[in-house]
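Taking it in order: structure first as structure tokens, then the write-up.
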There are 2 protein chains.
Amino acid sequence: MDSFETDVVVIGAGLAGLSAARELKRCGVDTAVIEARERVGGRTLNEPIGDGEIIELGGQWVGPTQDHALGLIRDLGLESFPTWNTGRNLFERKGRIRSYEGTIPKVNPVSLAEVGVALKRLNRMAEKIDVNRPWTQAELAAWDSETFATWMGRNTRTAAARDMLRLAIEAVWAAEPEDVSLLHALFYIRSAGTLDLLLDTEGGAQDSRVLGGSHLISERMAAELGDAVHLGFPVRRIRWQRMPGDTGDSPIEIGPHPVTVEADGLTVSARAAVVTLPPALAGRLEYDPPLPAIRDGLTQRMVQGTVVKCHAIYPEPFWRDAGLSGQATSADGPVSVTFDNSPPSGTPGVLLAFLEGNAARQATDLPPAERQRLVLDCLVRLFGPEAATPQRFVDKAWAADEFARGCYGGYLPPGAWLMYGEALRAPVGPLHWAGAETATRWAGYMDGAISSGIRAATEVIGAEALPA
Amino acid sequence: MDSFETDVVVIGAGLAGLSAARELKRCGVDTAVIEARERVGGRTLNEPIGDGEIIELGGQWVGPTQDHALGLIRDLGLESFPTWNTGRNLFERKGRIRSYEGTIPKVNPVSLAEVGVALKRLNRMAEKIDVNRPWTQAELAAWDSETFATWMGRNTRTAAARDMLRLAIEAVWAAEPEDVSLLHALFYIRSAGTLDLLLDTEGGAQDSRVLGGSHLISERMAAELGDAVHLGFPVRRIRWQRMPGDTGDSPIEIGPHPVTVEADGLTVSARAAVVTLPPALAGRLEYDPPLPAIRDGLTQRMVQGTVVKCHAIYPEPFWRDAGLSGQATSADGPVSVTFDNSPPSGTPGVLLAFLEGNAARQATDLPPAERQRLVLDCLVRLFGPEAATPQRFVDKAWAADEFARGCYGGYLPPGAWLMYGEALRAPVGPLHWAGAETATRWAGYMDGAISSGIRAATEVIGAEALPA
């Protein structure tokens, strides 16, 4: 069992943890990053597909106003390129496939109008939310009392409009309208700017990709941090001491290292810790002493979304010849959304297909071959018989990954935001919380993960945990 | 580090675990029970208050149709006695306190009628539910798409009726109408029989108590089991092997003990395991290999209710002199419900007060003295100035207990029952699941915990895990 001491121990070498460590290092603070996996990157991951090309099995997109992500990409000497967005998009519903241009499929005008009004209403409601402290806004209670499904049922009349809104929820949260608190959806919308921004390709959250893959962001940060990053050590227990001035048990003597993080095969003592795991997984660590009930209750309630990200790789992007963008949305499922995820050269041709929410829940525990068949059947319906025989099929079911247990991120069901939201970021003694779920700007996105790490680092440096 | 081998290892020495072990022992199966706490009883717990009397800090009531609990009490040579239910009850709302007889407070007739209709509707809806397999009933999807709050808003018009239904939800689930899926409420109602049964004192779920305290049930079972019960060993990790015929990875050789349970200071290998922790806590163990996503997803979604159970102990039950039963319900809070919890002799006088749902969430992390003040203020409003100065005040905030993290039991928010309910009881290889949350009859109650243990034991004995 190795053990050592440092100033700050960061748990998790994803975008949040590495950003925190990078910021701490920049400020001259001795830092160690402890990561369960044998790799950095958390919910981002490259997979080589030959000829120096890669696909991305996790988070991949960046877009305008994601200033932390775009800045970091620049800082690290990386480049972005636009998501392939030329040609006609497809929308499938009730066995019928229509092609269209832009973000909104051409269904019947009544449904289109309903969706338009719903988007405007949601954006307007979201403007009321203080993303920094929504739990102080008692006036939001009604929005936290119902599911998005209930709101949708009240605000749309046509089945086509509801299907389109359902697809929007699935695309953003990898969950169903029944799962998500209306307030959670509004928080997220506000945190990004508008629902349109969340859904859009060009100019929106799916605008651009990172040349060489988003995983390079983490790899380059890890390279800068060198041997401060410790891979393959799943953290199991955090022992901590209350800080001077904390309420609670009678005062105890605080040593210079009030935090001890115990991983399989490694123990690290520090003056403060930054935990970057999503709340659902952070709640599974053992804390000694146990955490306050409000923090524990948050970790019980924030659920990880469910997505299977699938890639079908073909010699060429054959759909482009037919004037198609590769972007499709299907209300018939199980694939809900597709993109052209080919490298900038266009070779090979890569179709990206998402199983999200219930479709992902039903597919995650299936044998891989069955999952592949489900997905290829959809791609054939959408893009024709050529889609049936990819050179290679690669998928990643994030809910089966024991160190993610879901993607894209965490969401709250009704009733939790106002009572438990406060515990998302509030430090507990020398323990600080980061991760995409704790962000106020672009919560749940790579950008939010990065900014959360920097925020936690700033918090630690400012805290009494680190007297000069 | 001690270690040994047995046939079946049971995790948790609450009513479920001890019932499972008792049934296994009865069938001649070698069994060990591993318990994190230094005591048995799980979410039941006696506290001595002098002169041989006790109060119960956890589950305490039994009632008609709880045949497993009543039978076990008889088997163990214990006796029950009726909950004190003589005198007038109180109902407080908007600063006004009314007294009444029976279960339903005398508010305005319109609200009373609304509540009556709502209860009838809920009972009728609940009849549609197959408590054994609600996840196969796709026709229930609409009921799982909304919170109880949404249903309540649609089915009542008066604020008084909504307040009364809110109190009912708080009393049964220790959660708010906003938290709970309508389908979850209906499942629970069906599992008990009717909502009236859940709410009633005489003839209902609060009908009777155990002489000497409900904790004796576990203590007597533990005494029968002798040194098969191992206290003070928090389980952290379960290593298991897939069973023959399981889908999954390529076949491996299954040893005679495909399960190894690792606790702090103790390792037990067995042919099968029964995990009796509530899903939220069972999900925090490490499983090697990791569990299927559907089981993990269930543990992410099933939340523990939040209750602080408070006892104010007085020389005599002074409220009886005023013709009061000690039962009160308050829409003004934070105490939502009270009972006369005096021992059968009537001395000392014990007022039991519950903080439930949001009130409990706000009170759990408070210093004990503040919590006491909050509660006594309510008792003074309800029962007069004598209530201000108990001889002793004892409370238990179950959400702060690291081995419970909530009470009374687990509930599901919308969207989870149909997709994840199947994983509540479905064994995973040699791992079997018990606990009050897994019961089909009186789910969440002591009766359900007991029957779940017996069911799991039967399952284990029938499984290939235990060839003769």
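Chain labels run A, B, ... following the order of the structure tokens; each chain numbers its residues from 1, and ligands are numbered from 1 in the order shown.
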Restrict the distance test to only C-alpha atoms, flag each residue of chain B within 9 Å of chain A, and return the flagged residues as a PyMOL selection string.
chain B and resi 144-150+176-180+236+247-248+280-281+283-286+290-294+296-297+299-304+306+358+361-362+364-365+367+399-402+405-406+413-416+419-420
Please provide the set of residues having any atom within 12 Å of B:Pro134, restricted to only C-alpha atoms, with same-chain residues fewer than 3 positions apart removed, written as a PyMOL selection string.
chain B and resi 126-131+137-141+143-144+183-184+186-188+190-191+416-424+440
Using only C-alpha atoms, determine which residues lie at most 9 Å from B:Leu15, disregarding the query and same-chain residues fewer than 4 positions distant; provide the list as a PyMOL selection string.
chain B and resi 19-20+40-44+217-218+221+435-436+446-447+449-450+453
Hey, can you spit out that residue selection with all heavy atoms as a short mmCIF file (atom, residue, chain, number, x, y, z; two decimals), in the first residue's frame?
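Dumped everything to selection-v5.cif:
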```cif
data_model
loop_
_atom_site.label_atom_id
_atom_site.label_comp_id
_atom_site.auth_asym_id
_atom_site.auth_seq_id
_atom_site.Cartn_x
_atom_site.Cartn_y
_atom_site.Cartn_z
N SER B 19 -35.04 -12.77 9.48
CA SER B 19 -36.10 -13.68 9.03
C SER B 19 -35.56 -14.64 7.97
O SER B 19 -35.91 -15.83 7.98
CB SER B 19 -37.27 -12.89 8.42
OG SER B 19 -37.86 -12.08 9.39
N ALA B 20 -34.73 -14.13 7.08
CA ALA B 20 -34.14 -15.01 6.06
C ALA B 20 -33.27 -16.07 6.73
O ALA B 20 -33.37 -17.26 6.42
CB ALA B 20 -33.30 -14.18 5.09
N VAL B 40 -28.51 -5.63 16.39
CA VAL B 40 -29.43 -6.11 15.36
C VAL B 40 -30.61 -5.12 15.28
O VAL B 40 -30.67 -4.15 16.02
CB VAL B 40 -29.95 -7.53 15.69
CG1 VAL B 40 -28.79 -8.52 15.72
CG2 VAL B 40 -30.72 -7.54 17.01
N GLY B 41 -31.53 -5.35 14.36
CA GLY B 41 -32.79 -4.61 14.35
C GLY B 41 -32.95 -3.60 13.23
O GLY B 41 -34.07 -3.13 12.99
N GLY B 42 -31.85 -3.23 12.56
CA GLY B 42 -31.99 -2.33 11.42
C GLY B 42 -32.74 -1.06 11.75
O GLY B 42 -32.32 -0.29 12.62
N ARG B 43 -33.86 -0.85 11.09
CA ARG B 43 -34.63 0.37 11.29
C ARG B 43 -35.63 0.24 12.45
O ARG B 43 -36.58 1.01 12.52
CB ARG B 43 -35.34 0.75 9.99
CG ARG B 43 -34.37 1.30 8.96
CD ARG B 43 -35.03 1.52 7.61
NE ARG B 43 -34.86 0.38 6.72
CZ ARG B 43 -35.43 0.22 5.53
NH1 ARG B 43 -36.27 1.14 5.08
NH2 ARG B 43 -35.21 -0.85 4.78
N THR B 44 -35.45 -0.77 13.31
CA THR B 44 -36.16 -0.80 14.60
C THR B 44 -35.12 -0.67 15.70
O THR B 44 -34.00 -1.15 15.56
CB THR B 44 -36.96 -2.10 14.82
OG1 THR B 44 -36.05 -3.21 14.90
CG2 THR B 44 -37.95 -2.34 13.69
N ILE B 217 -38.38 -8.30 18.56
CA ILE B 217 -38.56 -9.28 17.47
C ILE B 217 -37.19 -9.67 16.92
O ILE B 217 -36.87 -10.85 16.79
CB ILE B 217 -39.44 -8.70 16.34
CG1 ILE B 217 -40.78 -8.20 16.89
CG2 ILE B 217 -39.64 -9.73 15.24
CD1 ILE B 217 -41.63 -7.46 15.85
N SER B 218 -36.38 -8.65 16.63
CA SER B 218 -35.05 -8.94 16.10
C SER B 218 -34.16 -9.58 17.16
O SER B 218 -33.39 -10.50 16.88
CB SER B 218 -34.40 -7.65 15.58
OG SER B 218 -35.08 -7.20 14.43
N MET B 221 -35.00 -13.25 17.50
CA MET B 221 -34.52 -14.02 16.35
C MET B 221 -33.01 -14.19 16.42
O MET B 221 -32.47 -15.26 16.16
CB MET B 221 -34.92 -13.34 15.04
CG MET B 221 -36.40 -13.52 14.68
SD MET B 221 -36.74 -13.14 12.93
CE MET B 221 -36.67 -11.36 12.93
N GLY B 435 -35.46 -7.23 2.03
CA GLY B 435 -35.65 -5.91 2.65
C GLY B 435 -37.06 -5.43 2.40
O GLY B 435 -37.70 -5.82 1.41
N ALA B 436 -37.56 -4.56 3.30
CA ALA B 436 -38.95 -4.11 3.22
C ALA B 436 -39.29 -3.57 1.84
O ALA B 436 -40.44 -3.70 1.37
CB ALA B 436 -39.20 -3.04 4.29
N MET B 446 -42.71 -3.35 8.62
CA MET B 446 -42.04 -4.46 9.28
C MET B 446 -42.54 -5.78 8.71
O MET B 446 -41.76 -6.71 8.48
CB MET B 446 -42.28 -4.40 10.79
CG MET B 446 -41.72 -3.13 11.44
SD MET B 446 -41.49 -3.28 13.24
CE MET B 446 -43.20 -3.42 13.79
N ASP B 447 -43.84 -5.86 8.47
CA ASP B 447 -44.41 -7.08 7.89
C ASP B 447 -43.76 -7.41 6.54
O ASP B 447 -43.41 -8.56 6.27
CB ASP B 447 -45.93 -6.89 7.71
CG ASP B 447 -46.61 -8.16 7.24
OD1 ASP B 447 -46.78 -9.07 8.06
OD2 ASP B 447 -46.96 -8.24 6.04
N ALA B 449 -40.81 -6.46 5.50
CA ALA B 449 -39.40 -6.85 5.71
C ALA B 449 -39.33 -8.33 6.04
O ALA B 449 -38.50 -9.07 5.49
CB ALA B 449 -38.79 -6.00 6.82
N ILE B 450 -40.21 -8.76 6.96
CA ILE B 450 -40.19 -10.17 7.40
C ILE B 450 -40.51 -11.09 6.23
O ILE B 450 -39.79 -12.06 5.97
CB ILE B 450 -41.19 -10.35 8.56
CG1 ILE B 450 -40.71 -9.56 9.78
CG2 ILE B 450 -41.38 -11.83 8.89
CD1 ILE B 450 -41.79 -9.32 10.83
N GLY B 453 -37.69 -11.50 3.74
CA GLY B 453 -36.61 -12.39 4.17
C GLY B 453 -36.96 -13.85 3.93
O GLY B 453 -36.14 -14.62 3.43
#
```
Taking into account only C-alpha atoms, which residue in the set A:Thr260, A:Thr338, A:Thr438, A:Thr65 is nearest to A:Pro279?
A:Thr438
Contacts of A:Glu437 at 9 Å (only C-alpha atoms; same-chain gap of 5+ positions) as a ChimeraX atom specification:
/A:278-279,409-411,424,443-445,448-449,452
Keeping only N, CA and C atoms, write those residues as a compact mmCIF listing (two decimals), in the first residue's frame.
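Result file out.txt:
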```txt
# COMPACT_ATOMS: atom_id res chain seq x y z
N PRO A 278 -19.60 12.31 -10.29
CA PRO A 278 -21.01 12.73 -10.28
C PRO A 278 -21.62 12.36 -8.93
N PRO A 279 -22.59 13.16 -8.45
CA PRO A 279 -23.13 12.91 -7.11
C PRO A 279 -23.53 11.46 -6.85
N GLY A 409 -25.20 13.13 -18.05
CA GLY A 409 -24.91 13.64 -16.72
C GLY A 409 -26.04 13.33 -15.77
N GLY A 410 -25.99 13.98 -14.62
CA GLY A 410 -27.00 13.76 -13.58
C GLY A 410 -28.20 14.67 -13.77
N TYR A 411 -29.37 14.18 -13.40
CA TYR A 411 -30.56 15.04 -13.40
C TYR A 411 -31.34 14.79 -12.12
N LEU A 424 -25.10 20.75 -3.72
CA LEU A 424 -24.35 20.41 -4.93
C LEU A 424 -22.90 20.88 -4.84
N ALA A 443 -24.06 23.55 -17.41
CA ALA A 443 -24.11 22.39 -16.50
C ALA A 443 -24.27 21.12 -17.31
N GLY A 444 -23.50 20.11 -16.96
CA GLY A 444 -23.63 18.81 -17.61
C GLY A 444 -22.78 18.66 -18.86
N TYR A 445 -22.16 19.74 -19.31
CA TYR A 445 -21.37 19.69 -20.54
C TYR A 445 -19.87 19.69 -20.21
N GLY A 448 -18.94 22.85 -18.64
CA GLY A 448 -19.30 22.93 -17.23
C GLY A 448 -18.33 22.15 -16.36
N ALA A 449 -17.88 21.00 -16.85
CA ALA A 449 -16.91 20.20 -16.08
C ALA A 449 -15.64 21.02 -15.86
N SER A 452 -16.14 23.93 -13.51
CA SER A 452 -16.35 23.46 -12.12
C SER A 452 -15.02 23.14 -11.45
```
Which neighbours of A:Gly204 fall inside 10 Å, counting only C-alpha atoms, when residues of the same chain fewer than 6 positions from it are skipped, and could you give them as a VMD selection string?
chain A and resid 61 to 66 192 194 to 198
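The space between atom CA of B:Val117 and atom CA of B:Leu182 spans 16.4 Å.
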Might you pull out every residue within 10 Å of A:Thr389, with only C-alpha atoms counted and same-chain residues fewer than 4 positions away left off, and present them as a list of chain:residue names?
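The neighbour list is A:Ala312, A:Ile313, A:Tyr314, A:Leu376, A:Val380, A:Pro385, A:Phe393.
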C-alpha atoms of the current selection, written as an mmCIF file, in the first residue's frame:
```cif
data_model
loop_
_atom_site.group_PDB
_atom_site.id
_atom_site.type_symbol
_atom_site.label_atom_id
_atom_site.label_comp_id
_atom_site.auth_asym_id
_atom_site.auth_seq_id
_atom_site.Cartn_x
_atom_site.Cartn_y
_atom_site.Cartn_z
ATOM 1 C CA ALA A 312 -21.189 2.446 -37.477
ATOM 2 C CA ILE A 313 -18.069 2.865 -39.604
ATOM 3 C CA TYR A 314 -18.276 2.603 -43.409
ATOM 4 C CA LEU A 376 -28.278 -1.101 -37.652
ATOM 5 C CA VAL A 380 -31.060 0.962 -42.615
ATOM 6 C CA PRO A 385 -29.459 -0.821 -47.211
ATOM 7 C CA PHE A 393 -19.512 -1.205 -35.148
#
```
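Relative to atom CA of A:Ala331, atom CA of A:Arg96 is found at 10.1 Å.
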Could you write out, as a ChimeraX atom specification, all the residues of stretch 230-463 of chain A that DSSP marks as helix (DSSP H, G or I)?
/A:279-282,293-301,318-322,358-364,368-383,385-388,398-400,417-424,436-438,446-462
Nearest residue to B:Glu38 from the set B:His230, B:Arg157, B:Arg121, B:Lys106 (distances using only C-alpha atoms)
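Of B:His230, B:Arg157, B:Arg121, B:Lys106, the one nearest B:Glu38, counting only C-alpha atoms, is B:His230.
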Using only C-alpha atoms for the distances, tell me which of A:Thr136, A:Gln206, A:Thr103, A:Thr31 is nearest to A:Ser80.
A:Gln206
